[in-house]
Amino acid sequence: MDQLAQQLINGLSLGSIYALIALGYTMVYGIIQLINFAHGDVYMVGAYVGFASMAILGLGVFESLALAMVTCMILGVVIERVAYKPLRNSTRIAVLITAIGVSLLLEYVMLYFVGAAVRSYPPLPDYFNAQFAVGGVVISAKSLIIIGVSVALMIGLQFIVQKTRIGKAMRAVSQDADAARLMGINVDNTISFTFALGSALAGAAGVLVGIYYNTINPLMGIMPGLKAFVAAVFGGIGLIPGALIGGYFIGVTETLVSGYFSSLLQDAVVFAILILVLIFKPAGLLGKNVREKV
């Protein structure tokens, strides 16, 4: 039981990070039905901004986290305005190919500037290394901080979406963009804000991943980005609660498979889950199948 509890704590930490990344996928899809494959690389940029903030600028962890969020927020808006907005009325396949192109562009630009070497995150403050024994379970302060920061950001997102004017605009555009435009909502600005919000969460996730694994590299956005996409699909892509459930489910599943079987199997199990979801419940856990007239 102690080992199970230990794995669950680790899974919740990792799942918090996946949930933050998955939220970006699901919000963008909910607004414009676009799977933004560049989102995983935005999270990678956030990890490097956090690294540079701590190692070069000498900022603290939370200041670096804030700077990474702001940087990725700006990057998300630039990507939307430059790469996606001109293709707003194009076919979905054209936009999807563009998303893959933007993803590769970000990866190779970072490879050019920072190199392919794996880098270790700067030493963390002493309080990150504290440990608390609860029964036979050892809980690290690092895990608690990762979970706490993630939950705080998720609560903030929920407040924005549910209680603010821009959040109501986001929900209106996701329901019917044309009707929202007729009601005086600036659809373009609302879409850009959605990208900004999702990218900010991805930037925070990047810093948290650096803290969790203590290493980063320019290709780190590929696998966690794909796993976060699986989490979004599992919960029901386009649904914020679905992204949260999916993120924690994938994180816990991955740590349980790694702890009880082999770390070599964890990626295979995650993508097997994706296949099963697409076969048996393609709309996701919380999604509903919608019939379309053709």
# chains A, B, ... in the order shown; residues from 1 in each chain; ligands from 1
$ residues_around --residues "Leu264 of chain A" --least-positions-apart "6" --cutoff "12 Å" --atoms "only C-alpha atoms" --output "ChimeraX atom specification"
/A:254-255,257-258,270
$ select_by_dssp --residues "segment 55-175 of chain A" --states "alpha helix (DSSP H)" --output "PyMOL selection string"
chain A and resi 55+61-79+92-114+141-163+165-175
$ closest_atom_pairs --of "segment 109-157 of chain A" --to "segment 11-23 of chain A" --cutoff "8 Å" --atoms "only C-alpha atoms" --output "Markdown table"
| residue | atom | partner | partner_atom | distance |
| --- | --- | --- | --- | --- |
| A:Ser143 | CA | A:Ser13 | CA | 5.6 |
| A:Leu144 | CA | A:Ser13 | CA | 7.6 |
| A:Ile146 | CA | A:Ser13 | CA | 6.1 |
| A:Ile147 | CA | A:Ser13 | CA | 5.4 |
| A:Ser150 | CA | A:Ser16 | CA | 5.8 |
| A:Val151 | CA | A:Ser16 | CA | 7.5 |
| A:Met154 | CA | A:Leu20 | CA | 7.5 |
$ write_last_selection --atoms "C-alpha atoms" --output "CSV table (one decimal), in the first residue's frame"
chain,number,residue,atom,x,y,z
A,143,SER,CA,6.0,17.4,-5.6
A,144,LEU,CA,3.7,19.4,-3.3
A,146,ILE,CA,4.3,21.3,-8.5
A,147,ILE,CA,0.8,20.1,-7.6
A,150,SER,CA,-0.6,23.6,-11.1
A,151,VAL,CA,-3.9,23.6,-9.2
A,154,MET,CA,-6.1,25.7,-13.1
$ closest_residue --among "A:Ala272, A:Ile279, A:Ile97, A:Val70" --to "Gly46 of chain A" --atoms "only C-alpha atoms"
A:Val70
$ atom_distance --atom1 "atom CA of Val277 of chain A" --atom2 "atom CA of Ile31 of chain A"
22.3 Å
$ closest_residue --among "A:Leu286, A:Ala141, A:Val42, A:Met73" --to "Leu197 of chain A" --atoms "only C-alpha atoms"
A:Met73
$ residues_around --residues "segment 191-195 of chain A" --least-positions-apart "4" --cutoff "8 Å" --atoms "only C-alpha atoms" --output "list in words"
Gly24, Met27, Val28, Ile31, Ile32, Met73, Gly76, Val77, Glu80, Arg81, Met170, Val187 and Ser199 of chain A
$ write_last_selection --atoms "C-alpha atoms" --output "PDB file, in the first residue's frame"
ATOM      1  CA  GLY A  24      -3.851  24.543 -24.128  1.00  0.00           C
ATOM      2  CA  MET A  27      -8.996  25.376 -25.359  1.00  0.00           C
ATOM      3  CA  VAL A  28      -7.675  26.018 -28.868  1.00  0.00           C
ATOM      4  CA  ILE A  31     -12.510  27.635 -30.051  1.00  0.00           C
ATOM      5  CA  ILE A  32     -11.394  26.944 -33.650  1.00  0.00           C
ATOM      6  CA  MET A  73       1.928  34.054 -23.934  1.00  0.00           C
ATOM      7  CA  GLY A  76       1.403  31.979 -28.628  1.00  0.00           C
ATOM      8  CA  VAL A  77      -0.208  35.186 -29.892  1.00  0.00           C
ATOM      9  CA  GLU A  80      -1.702  32.536 -33.984  1.00  0.00           C
ATOM     10  CA  ARG A  81      -1.490  35.871 -35.800  1.00  0.00           C
ATOM     11  CA  MET A 170     -14.501  32.530 -25.297  1.00  0.00           C
ATOM     12  CA  VAL A 187     -13.729  36.973 -32.515  1.00  0.00           C
ATOM     13  CA  SER A 199       0.518  29.178 -24.130  1.00  0.00           C
TER      14      SER A 199
END
$ closest_residue --among "A:Phe271, A:Tyr108, A:Tyr29, A:Phe249" --to "Asp41 of chain A" --atoms "only C-alpha atoms"
A:Tyr108
$ atom_distance --atom1 "atom CA of Pro241 of chain A" --atom2 "atom CA of Asp188 of chain A"
24.6 Å
$ residues_around --residues "segment 124-139 of chain A" --least-positions-apart "6" --cutoff "12 Å" --atoms "only C-alpha atoms" --output "JSON, numbers by chain"
{"A": [1, 2, 3, 4, 5, 6, 7, 8, 9, 10, 12, 13, 51, 54, 55, 58, 59, 60, 61, 62, 64, 145, 146, 147, 207, 208, 210, 211, 212, 214]}
$ closest_residue --among "A:Leu153, A:Ala38, A:Met110, A:Ala47" --to "Gly225 of chain A" --atoms "only C-alpha atoms"
A:Ala38
$ decode --residues "segment 9-55 of chain A" --atoms "N, CA and C atoms" --output "mmCIF file, in the first residue's frame"
data_model
loop_
_atom_site.group_PDB
_atom_site.id
_atom_site.type_symbol
_atom_site.label_atom_id
_atom_site.label_comp_id
_atom_site.auth_asym_id
_atom_site.auth_seq_id
_atom_site.Cartn_x
_atom_site.Cartn_y
_atom_site.Cartn_z
ATOM 1 N N ILE A 9 1.345 9.678 -5.572
ATOM 2 C CA ILE A 9 1.848 11.043 -5.358
ATOM 3 C C ILE A 9 2.698 11.479 -6.545
ATOM 4 N N ASN A 10 3.585 10.587 -6.991
ATOM 5 C CA ASN A 10 4.413 10.903 -8.161
ATOM 6 C C ASN A 10 3.547 11.115 -9.398
ATOM 7 N N GLY A 11 2.505 10.287 -9.518
ATOM 8 C CA GLY A 11 1.609 10.406 -10.669
ATOM 9 C C GLY A 11 0.826 11.704 -10.671
ATOM 10 N N LEU A 12 0.439 12.158 -9.491
ATOM 11 C CA LEU A 12 -0.281 13.427 -9.411
ATOM 12 C C LEU A 12 0.618 14.603 -9.800
ATOM 13 N N SER A 13 1.893 14.532 -9.419
ATOM 14 C CA SER A 13 2.830 15.591 -9.810
ATOM 15 C C SER A 13 2.978 15.640 -11.325
ATOM 16 N N LEU A 14 3.228 14.477 -11.923
ATOM 17 C CA LEU A 14 3.402 14.416 -13.372
ATOM 18 C C LEU A 14 2.086 14.739 -14.086
ATOM 19 N N GLY A 15 0.980 14.247 -13.531
ATOM 20 C CA GLY A 15 -0.320 14.509 -14.130
ATOM 21 C C GLY A 15 -0.697 15.976 -14.117
ATOM 22 N N SER A 16 -0.250 16.706 -13.088
ATOM 23 C CA SER A 16 -0.504 18.149 -13.037
ATOM 24 C C SER A 16 0.132 18.854 -14.222
ATOM 25 N N ILE A 17 1.341 18.418 -14.572
ATOM 26 C CA ILE A 17 2.050 19.023 -15.709
ATOM 27 C C ILE A 17 1.347 18.683 -17.009
ATOM 28 N N TYR A 18 0.966 17.418 -17.176
ATOM 29 C CA TYR A 18 0.250 17.019 -18.394
ATOM 30 C C TYR A 18 -1.077 17.783 -18.517
ATOM 31 N N ALA A 19 -1.734 17.983 -17.393
ATOM 32 C CA ALA A 19 -3.017 18.692 -17.420
ATOM 33 C C ALA A 19 -2.842 20.130 -17.891
ATOM 34 N N LEU A 20 -1.772 20.797 -17.423
ATOM 35 C CA LEU A 20 -1.527 22.180 -17.847
ATOM 36 C C LEU A 20 -1.307 22.258 -19.357
ATOM 37 N N ILE A 21 -0.530 21.311 -19.893
ATOM 38 C CA ILE A 21 -0.282 21.312 -21.340
ATOM 39 C C ILE A 21 -1.562 20.963 -22.091
ATOM 40 N N ALA A 22 -2.296 19.967 -21.590
ATOM 41 C CA ALA A 22 -3.525 19.527 -22.258
ATOM 42 C C ALA A 22 -4.567 20.632 -22.320
ATOM 43 N N LEU A 23 -4.573 21.518 -21.321
ATOM 44 C CA LEU A 23 -5.542 22.616 -21.318
ATOM 45 C C LEU A 23 -5.358 23.513 -22.539
ATOM 46 N N GLY A 24 -4.105 23.735 -22.935
ATOM 47 C CA GLY A 24 -3.851 24.543 -24.128
ATOM 48 C C GLY A 24 -4.398 23.886 -25.373
ATOM 49 N N TYR A 25 -4.170 22.581 -25.507
ATOM 50 C CA TYR A 25 -4.717 21.844 -26.645
ATOM 51 C C TYR A 25 -6.241 21.965 -26.691
ATOM 52 N N THR A 26 -6.855 21.727 -25.543
ATOM 53 C CA THR A 26 -8.308 21.616 -25.529
ATOM 54 C C THR A 26 -8.991 22.962 -25.701
ATOM 55 N N MET A 27 -8.384 24.054 -25.193
ATOM 56 C CA MET A 27 -8.996 25.376 -25.359
ATOM 57 C C MET A 27 -8.949 25.825 -26.813
ATOM 58 N N VAL A 28 -7.798 25.623 -27.454
ATOM 59 C CA VAL A 28 -7.675 26.018 -28.868
ATOM 60 C C VAL A 28 -8.623 25.187 -29.726
ATOM 61 N N TYR A 29 -8.695 23.884 -29.457
ATOM 62 C CA TYR A 29 -9.610 23.050 -30.241
ATOM 63 C C TYR A 29 -11.055 23.452 -29.997
ATOM 64 N N GLY A 30 -11.375 23.780 -28.752
ATOM 65 C CA GLY A 30 -12.744 24.177 -28.445
ATOM 66 C C GLY A 30 -13.162 25.463 -29.131
ATOM 67 N N ILE A 31 -12.196 26.357 -29.423
ATOM 68 C CA ILE A 31 -12.510 27.635 -30.051
ATOM 69 C C ILE A 31 -12.539 27.536 -31.572
ATOM 70 N N ILE A 32 -11.487 26.943 -32.176
ATOM 71 C CA ILE A 32 -11.394 26.944 -33.650
ATOM 72 C C ILE A 32 -11.198 25.545 -34.239
ATOM 73 N N GLN A 33 -11.415 24.484 -33.445
ATOM 74 C CA GLN A 33 -11.293 23.107 -33.928
ATOM 75 C C GLN A 33 -9.941 22.859 -34.591
ATOM 76 N N LEU A 34 -8.883 23.372 -33.975
ATOM 77 C CA LEU A 34 -7.521 23.182 -34.464
ATOM 78 C C LEU A 34 -6.719 22.401 -33.428
ATOM 79 N N ILE A 35 -6.049 21.341 -33.889
ATOM 80 C CA ILE A 35 -5.109 20.628 -33.029
ATOM 81 C C ILE A 35 -3.756 21.292 -33.221
ATOM 82 N N ASN A 36 -3.356 22.093 -32.258
ATOM 83 C CA ASN A 36 -2.158 22.910 -32.365
ATOM 84 C C ASN A 36 -0.931 22.094 -31.961
ATOM 85 N N PHE A 37 -0.344 21.378 -32.922
ATOM 86 C CA PHE A 37 0.793 20.520 -32.605
ATOM 87 C C PHE A 37 2.035 21.315 -32.228
ATOM 88 N N ALA A 38 2.032 22.625 -32.454
ATOM 89 C CA ALA A 38 3.158 23.451 -32.016
ATOM 90 C C ALA A 38 3.095 23.728 -30.516
ATOM 91 N N HIS A 39 2.003 23.354 -29.874
ATOM 92 C CA HIS A 39 1.809 23.680 -28.462
ATOM 93 C C HIS A 39 2.870 23.019 -27.586
ATOM 94 N N GLY A 40 3.248 21.771 -27.907
ATOM 95 C CA GLY A 40 4.279 21.095 -27.131
ATOM 96 C C GLY A 40 5.612 21.808 -27.191
ATOM 97 N N ASP A 41 5.891 22.457 -28.315
ATOM 98 C CA ASP A 41 7.161 23.176 -28.444
ATOM 99 C C ASP A 41 7.118 24.537 -27.768
ATOM 100 N N VAL A 42 5.930 25.101 -27.621
ATOM 101 C CA VAL A 42 5.787 26.313 -26.812
ATOM 102 C C VAL A 42 6.154 25.994 -25.362
ATOM 103 N N TYR A 43 5.727 24.837 -24.901
ATOM 104 C CA TYR A 43 6.072 24.412 -23.538
ATOM 105 C C TYR A 43 7.589 24.207 -23.397
ATOM 106 N N MET A 44 8.231 23.714 -24.475
ATOM 107 C CA MET A 44 9.690 23.560 -24.462
ATOM 108 C C MET A 44 10.384 24.924 -24.350
ATOM 109 N N VAL A 45 9.868 25.913 -25.079
ATOM 110 C CA VAL A 45 10.422 27.270 -24.994
ATOM 111 C C VAL A 45 10.290 27.800 -23.561
ATOM 112 N N GLY A 46 9.161 27.537 -22.933
ATOM 113 C CA GLY A 46 8.962 27.952 -21.543
ATOM 114 C C GLY A 46 9.993 27.357 -20.609
ATOM 115 N N ALA A 47 10.349 26.079 -20.855
ATOM 116 C CA ALA A 47 11.363 25.431 -20.020
ATOM 117 C C ALA A 47 12.710 26.143 -20.148
ATOM 118 N N TYR A 48 13.065 26.545 -21.370
ATOM 119 C CA TYR A 48 14.344 27.224 -21.581
ATOM 120 C C TYR A 48 14.332 28.655 -21.044
ATOM 121 N N VAL A 49 13.190 29.316 -21.137
ATOM 122 C CA VAL A 49 13.097 30.661 -20.560
ATOM 123 C C VAL A 49 13.276 30.582 -19.043
ATOM 124 N N GLY A 50 12.656 29.581 -18.414
ATOM 125 C CA GLY A 50 12.832 29.390 -16.982
ATOM 126 C C GLY A 50 14.280 29.090 -16.629
ATOM 127 N N PHE A 51 14.916 28.244 -17.450
ATOM 128 C CA PHE A 51 16.326 27.909 -17.227
ATOM 129 C C PHE A 51 17.201 29.160 -17.312
ATOM 130 N N ALA A 52 17.020 29.948 -18.372
ATOM 131 C CA ALA A 52 17.826 31.157 -18.558
ATOM 132 C C ALA A 52 17.566 32.174 -17.451
ATOM 133 N N SER A 53 16.316 32.264 -17.013
ATOM 134 C CA SER A 53 15.976 33.226 -15.961
ATOM 135 C C SER A 53 16.694 32.906 -14.664
ATOM 136 N N MET A 54 16.795 31.604 -14.352
ATOM 137 C CA MET A 54 17.451 31.212 -13.100
ATOM 138 C C MET A 54 18.965 31.182 -13.235
ATOM 139 N N ALA A 55 19.462 30.638 -14.364
ATOM 140 C CA ALA A 55 20.898 30.435 -14.513
ATOM 141 C C ALA A 55 21.635 31.704 -14.918
#
